[in-house]
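Next comes start_19.txt, with compact mmCIF, C-alpha atoms.
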# COMPACT_ATOMS: atom_id res chain seq x y z
CA MET H 1 121.89 133.93 141.21
CA GLU H 2 122.24 131.56 138.28
CA ILE H 3 125.53 129.71 137.85
CA PHE H 4 126.75 128.82 134.38
CA PRO H 5 129.77 126.51 134.18
CA ALA H 6 131.73 127.38 131.05
CA ILE H 7 132.93 125.19 128.24
CA ASP H 8 135.13 127.00 125.72
CA ILE H 9 135.96 125.02 122.60
CA ILE H 10 138.90 125.10 120.21
CA GLY H 11 139.31 122.27 117.75
CA GLY H 12 136.69 120.23 119.57
CA GLN H 13 138.63 120.42 122.83
CA VAL H 14 137.73 122.00 126.17
CA VAL H 15 140.11 124.91 126.71
CA ARG H 16 140.64 128.10 128.67
CA LEU H 17 142.52 131.18 127.53
CA LYS H 18 144.48 133.66 129.62
CA GLU H 19 143.27 137.23 129.11
CA GLY H 20 141.61 136.21 125.87
CA ASP H 21 144.97 135.38 124.28
CA TYR H 22 144.77 132.58 121.73
CA ASN H 23 148.48 132.02 122.23
CA GLN H 24 147.90 131.17 125.90
CA VAL H 25 145.66 128.10 125.70
CA SER H 26 145.26 125.46 128.37
CA VAL H 27 143.51 122.23 127.33
CA TYR H 28 141.32 120.56 129.97
CA GLY H 29 139.76 117.78 127.96
CA ASP H 30 139.10 116.40 124.52
CA ASP H 31 135.38 115.70 125.04
CA PRO H 32 133.09 118.66 125.80
CA LEU H 33 130.14 116.30 126.31
CA ALA H 34 131.96 114.37 129.01
CA MET H 35 132.78 117.67 130.72
CA ALA H 36 129.16 118.80 130.50
CA ASN H 37 127.98 115.51 132.00
CA ARG H 38 130.46 115.95 134.82
CA PHE H 39 128.88 119.33 135.55
CA VAL H 40 125.42 117.72 135.48
CA GLU H 41 126.54 115.13 138.02
CA GLN H 42 127.64 117.99 140.28
CA GLY H 43 124.23 119.65 140.08
CA ALA H 44 124.52 122.07 137.16
CA LYS H 45 121.34 123.22 135.43
CA ASN H 46 122.94 125.67 133.00
CA LEU H 47 125.85 125.70 130.57
CA HIS H 48 127.73 128.55 128.90
CA VAL H 49 129.40 127.44 125.67
CA VAL H 50 131.75 129.49 123.51
CA ASP H 51 133.02 128.40 120.11
CA LEU H 52 136.38 130.16 120.28
CA ASP H 53 137.27 129.04 116.76
CA GLY H 54 134.03 130.63 115.63
CA ALA H 55 134.69 133.84 117.56
CA LYS H 56 138.05 134.19 115.83
CA GLU H 57 136.99 133.15 112.34
CA GLY H 58 133.38 134.37 112.28
CA THR H 59 131.92 130.92 111.61
CA THR H 60 130.21 128.13 113.53
CA VAL H 61 133.27 125.89 113.54
CA ASN H 62 132.21 123.63 116.41
CA PHE H 63 128.50 123.37 115.55
CA SER H 64 128.52 119.56 115.65
CA VAL H 65 130.02 119.59 119.16
CA ILE H 66 127.30 121.94 120.39
CA GLN H 67 124.71 119.75 118.66
CA ARG H 68 125.85 116.83 120.83
CA LEU H 69 125.68 118.97 123.97
CA ARG H 70 122.11 119.97 123.16
CA LYS H 71 121.00 116.47 122.21
CA GLU H 72 122.56 114.59 125.10
CA THR H 73 122.16 116.89 128.12
CA GLY H 74 119.13 118.45 129.76
CA LEU H 75 120.93 121.69 130.52
CA PHE H 76 119.81 125.22 129.72
CA ILE H 77 122.43 126.07 127.10
CA GLU H 78 123.56 129.45 125.89
CA VAL H 79 126.03 129.64 123.01
CA GLY H 80 128.33 132.35 121.68
CA GLY H 81 131.20 132.65 119.25
CA GLY H 82 131.04 133.59 115.58
CA ILE H 83 127.27 134.18 115.49
CA ARG H 84 127.11 137.13 113.11
CA ASP H 85 124.09 136.58 110.88
CA GLU H 86 120.49 135.44 111.24
CA ALA H 87 121.13 132.08 109.57
CA ARG H 88 123.48 131.11 112.38
CA ILE H 89 121.07 132.36 115.01
CA ALA H 90 118.28 130.34 113.44
CA SER H 91 120.45 127.22 113.15
CA TYR H 92 121.28 127.27 116.85
CA LEU H 93 117.72 127.99 117.93
CA GLU H 94 116.41 125.24 115.66
CA LEU H 95 118.95 122.96 117.29
CA GLY H 96 117.29 123.72 120.61
CA VAL H 97 119.88 126.06 122.09
CA ASP H 98 118.08 128.18 124.68
CA ARG H 99 119.91 131.47 124.21
CA VAL H 100 122.23 132.78 121.54
CA ILE H 101 124.94 135.29 122.41
CA LEU H 102 125.86 138.00 119.92
CA GLY H 103 129.22 139.67 120.35
CA THR H 104 131.26 141.28 117.59
CA ILE H 105 128.20 141.86 115.41
CA ALA H 106 126.61 143.97 118.16
CA VAL H 107 129.40 146.50 117.71
CA LYS H 108 129.87 146.27 113.97
CA ASN H 109 126.21 146.15 112.98
CA TYR H 110 124.06 147.44 115.80
CA PRO H 111 120.82 147.69 113.77
CA PHE H 112 121.10 143.95 113.16
CA VAL H 113 121.05 143.31 116.92
CA GLU H 114 118.00 145.52 117.33
CA GLU H 115 116.24 143.56 114.59
CA MET H 116 117.15 140.19 116.08
CA VAL H 117 115.95 141.25 119.54
CA ARG H 118 112.62 142.35 118.07
CA LYS H 119 112.30 139.00 116.30
CA TYR H 120 113.63 136.55 118.89
CA GLY H 121 113.19 138.41 122.17
CA ASP H 122 115.06 137.06 125.18
CA LYS H 123 116.54 134.19 123.19
CA ILE H 124 119.09 136.82 122.15
CA ALA H 125 121.75 137.93 124.63
CA VAL H 126 124.75 140.15 123.98
CA GLY H 127 128.25 139.41 125.14
CA VAL H 128 130.10 142.57 126.07
CA ASP H 129 133.82 141.85 126.34
CA ALA H 130 135.93 144.64 127.76
CA ARG H 131 139.56 145.48 128.34
CA ASN H 132 140.10 148.54 130.54
CA GLU H 133 136.35 149.16 130.21
CA LYS H 134 136.58 149.45 126.41
CA VAL H 135 134.63 147.03 124.23
CA ALA H 136 136.69 144.35 122.47
CA VAL H 137 135.60 142.41 119.38
CA SER H 138 136.69 139.62 117.02
CA GLY H 139 137.50 137.07 119.67
CA TRP H 140 138.96 139.81 121.92
CA LEU H 141 141.64 140.56 119.35
CA ASP H 142 140.56 144.16 118.63
CA VAL H 143 139.81 146.76 121.32
CA THR H 144 137.58 149.69 120.36
CA GLU H 145 137.21 153.11 121.96
CA MET H 146 133.61 152.35 122.96
CA ASP H 147 132.82 152.65 126.67
CA ALA H 148 131.60 149.24 127.82
CA ILE H 149 129.15 150.44 130.47
CA ASP H 150 127.58 153.00 128.15
CA PHE H 151 127.21 150.25 125.58
CA CYS H 152 125.34 148.09 128.09
CA VAL H 153 122.89 150.93 128.73
CA ARG H 154 122.36 151.32 124.99
CA LEU H 155 121.66 147.60 124.67
CA ARG H 156 119.11 147.79 127.49
CA ASP H 157 117.40 150.70 125.77
CA SER H 158 117.18 148.63 122.58
CA GLY H 159 115.35 145.80 124.31
CA VAL H 160 118.22 143.46 125.16
CA LYS H 161 117.38 141.59 128.37
CA THR H 162 120.65 139.78 129.14
CA VAL H 163 124.28 140.88 128.87
CA ILE H 164 127.22 138.57 129.51
CA PHE H 165 129.95 140.95 130.61
CA THR H 166 133.51 139.66 130.49
CA ASP H 167 136.47 141.53 131.94
CA ILE H 168 139.17 140.20 129.62
CA ALA H 169 142.05 141.19 131.88
CA LYS H 170 140.61 138.91 134.57
CA ASP H 171 139.59 136.03 132.36
CA GLY H 172 141.54 132.85 133.03
CA MET H 173 143.85 134.57 135.50
CA LEU H 174 142.38 133.17 138.75
CA SER H 175 142.85 136.62 140.27
CA GLY H 176 139.28 137.32 141.34
CA ALA H 177 136.41 139.10 139.63
CA ASN H 178 136.41 142.86 139.05
CA LEU H 179 133.82 143.45 141.75
CA ALA H 180 133.92 147.24 141.55
CA LEU H 181 133.04 147.09 137.87
CA TYR H 182 130.20 144.63 138.40
CA LYS H 183 128.84 146.81 141.17
CA ARG H 184 128.54 149.64 138.65
CA LEU H 185 126.91 147.33 136.12
CA SER H 186 124.44 146.10 138.72
CA ALA H 187 123.05 149.64 138.93
CA ILE H 188 121.71 149.44 135.36
CA GLN H 189 117.98 148.96 135.77
CA ASP H 190 116.05 146.32 133.80
CA LEU H 191 119.13 144.55 132.48
CA SER H 192 120.19 141.07 133.58
CA ILE H 193 123.98 141.08 133.99
CA MET H 194 125.99 137.89 133.97
CA ALA H 195 129.51 138.23 135.38
CA SER H 196 132.31 136.52 133.49
CA GLY H 197 136.06 136.63 133.94
CA GLY H 198 138.13 135.88 137.01
CA VAL H 199 135.42 134.38 139.21
CA THR H 200 137.76 132.41 141.46
CA THR H 201 136.53 132.16 145.05
CA LEU H 202 133.34 131.66 147.02
CA ASP H 203 133.80 135.24 148.21
CA ASP H 204 133.50 136.32 144.56
CA ILE H 205 130.28 134.32 144.27
CA LYS H 206 128.87 135.80 147.48
CA ALA H 207 129.74 139.35 146.43
CA LEU H 208 128.18 138.97 142.98
CA ARG H 209 125.11 137.34 144.51
CA ASP H 210 124.72 140.19 146.97
CA MET H 211 124.80 142.66 144.06
CA ASN H 212 121.67 140.90 142.79
CA LEU H 213 123.33 140.03 139.51
CA TYR H 214 121.39 137.62 137.32
CA GLY H 215 124.25 135.18 136.99
CA ALA H 216 127.90 134.27 137.05
CA ILE H 217 129.98 132.21 134.67
CA VAL H 218 132.59 130.00 136.28
CA GLY H 219 135.34 128.55 134.12
CA LYS H 220 138.98 128.02 134.89
CA ALA H 221 138.48 127.96 138.66
CA LEU H 222 136.40 124.80 138.23
CA TYR H 223 138.99 123.14 136.03
CA THR H 224 141.89 123.88 138.37
CA GLY H 225 140.04 122.95 141.54
CA HIS H 226 140.04 126.46 142.98
CA LEU H 227 136.25 126.13 143.15
CA SER H 228 133.93 123.18 143.65
CA LEU H 229 130.80 123.44 141.52
CA GLY H 230 128.78 121.91 144.33
CA GLU H 231 129.93 124.59 146.77
CA VAL H 232 129.30 127.33 144.20
CA LEU H 233 125.76 126.11 143.61
CA ALA H 234 125.15 125.93 147.35
CA THR H 235 126.42 129.48 147.80
CA ALA H 236 124.29 130.95 145.01
CA PRO H 237 121.16 128.79 144.87
CA ALA H 238 120.21 128.33 141.22
CA ILE H 239 116.79 127.75 139.77
CA ALA H 240 116.98 126.38 136.24
CA PRO H 241 115.74 128.85 133.64
CA ALA H 242 112.67 127.83 131.71
CA ARG H 243 113.27 125.91 128.52
CA THR H 244 113.14 127.69 125.17
CA GLY H 245 109.63 128.76 124.38
CA GLU H 246 108.85 129.47 128.00
CA GLY H 247 110.54 132.84 128.19
CA GLY H 248 113.72 132.00 130.05
CA ALA H 249 114.70 133.20 133.51
CA GLN H 250 115.58 136.86 133.83
Let me see the file written as structure tokens.
Amino acid sequence: MEIFPAIDIIGGQVVRLKEGDYNQVSVYGDDPLAMANRFVEQGAKNLHVVDLDGAKEGTTVNFSVIQRLRKETGLFIEVGGGIRDEARIASYLELGVDRVILGTIAVKNYPFVEEMVRKYGDKIAVGVDARNEKVAVSGWLDVTEMDAIDFCVRLRDSGVKTVIFTDIAKDGMLSGANLALYKRLSAIQDLSIMASGGVTTLDDIKALRDMNLYGAIVGKALYTGHLSLGEVLATAPAIAPARTGEGGAQ
């Protein structure tokens, strides 16, 4: 199972939110590059980056920060947050980002996602953020009536290869992953599921690994010391995905 340490960015700082609430922000550093290099030193091969300003405002607010991450690390980098048109997708891919995550736009303009998947293939992933198994959009601020698991199946049927599934209620709470939900998601054939939200213990990592999930994103638990990245990587041996242009690891 692939492990993706998470760097969420607001105002150029490394932060974590509780339950996706922008009013509950914890700052863990003022230099995302330094944090990324710390992960590299601990053995990381991958990095999950979210421009939270971009997710809220629909723009690529922290593009220059992500540019530094791409230029100065050798990590496989996936980026999400505010990517809602092809120009932004192209700008990140031209930058050398390995995978671009579409979120809100996948709900609000589904034909656009289908078009981008046809054009860019597995360089496009979709982030499905859910509260009480309903899809949330616009930086988790708006919850729809759309069933999150059904939406994942629809994405698979449209050619999407990778879904980053975040249980908002668990995110940043250090209360453990929603294992029952990920077990259901793991039953979706031909779709690589990455678990996000509440991954707190090595038992979480073991359980997700044993479900044969593609990957897990680990965030706040690393920053607070609840998890050691070295131990996580040892528990779920990671093989670095191929660089962009080589198809990626699915």
A straight line from atom CA of Glu145 of chain H to atom CA of Thr162 of chain H spans 22.4 Å
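Every protein or nucleic acid residue with an atom no more than 8 Å from Ile3 of chain H, counting all atoms listed in the file and leaving out same-chain residues fewer than 3 positions away, appears here: H:Ala44, H:Asn46, H:Gly215, H:Ala216, H:Ile217, H:Val218, H:Val232, H:Leu233, H:Ala236, H:Ala238.
Of note, atom CA of Val40 of chain H and atom CA of Arg16 of chain H are spaced 19.6 Å apart.
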A straight line from atom CA of Asp98 of chain H to atom CA of Asp203 of chain H spans 29.2 Å
Restricting the calculation to all atoms listed in the file: of H:Gly103, H:Gly74, H:Gly197, H:Gly176, which residue gets closest to Leu155 of chain H?
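Comparing H:Gly103, H:Gly74, H:Gly197, H:Gly176 against Leu155 of chain H, the winner is H:Gly103.
Between Ala106 of chain H and the residues H:Asn178, H:Thr60, H:Ser158, H:Ser186, the shortest atom-to-atom distance, using only C-alpha atoms, involves H:Ser158.
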In terms of all atoms listed in the file, the residue from H:Val107, H:Val100, H:Ala136, H:Ile89 at minimal distance from His48 of chain H is H:Val100
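The protein and nucleic acid residues lying at most 9 Å from segment 67-71 of chain H are Pro32, Leu33, Ala36, Ile77, Tyr92, Leu95, Gly96 and Val97 of chain H, with only C-alpha atoms considered and sequence neighbours fewer than 6 positions away removed.
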- request: Rank nothing, just name the residue among H:Ile149, H:Ala180, H:Leu93, H:Ile101 nearest to Asp51 of chain H, using all atoms listed in the file.
  value: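 Once distances to Asp51 of chain H are computed over all atoms listed in the file, the minimum belongs to H:Ile101.
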### Residues within 10 Å of Ser196 of chain H, only C-alpha atoms, excluding chain neighbours under 5 positions, as a list in words
Phe4, Ala6, Gly127, Val128, Asp129, Ile164, Phe165, Thr166, Asp167, Ile168, Lys170, Asp171, Gly172, Ala177, Asn178, Tyr182, Gly215, Ala216, Ile217, Val218 and Gly219 of chain H
ask   = For Arg38 of chain H, which of H:Leu179, H:Leu75, H:Val50, H:Ile188 is the closest residue, counting all atoms listed in the file?
value =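 Closest to Arg38 of chain H of all the choices is H:Leu75.
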Between H:Gly121, H:Pro111, H:Gly11, H:Pro5, smallest distance to Lys45 of chain H by all atoms listed in the file belongs to H:Pro5
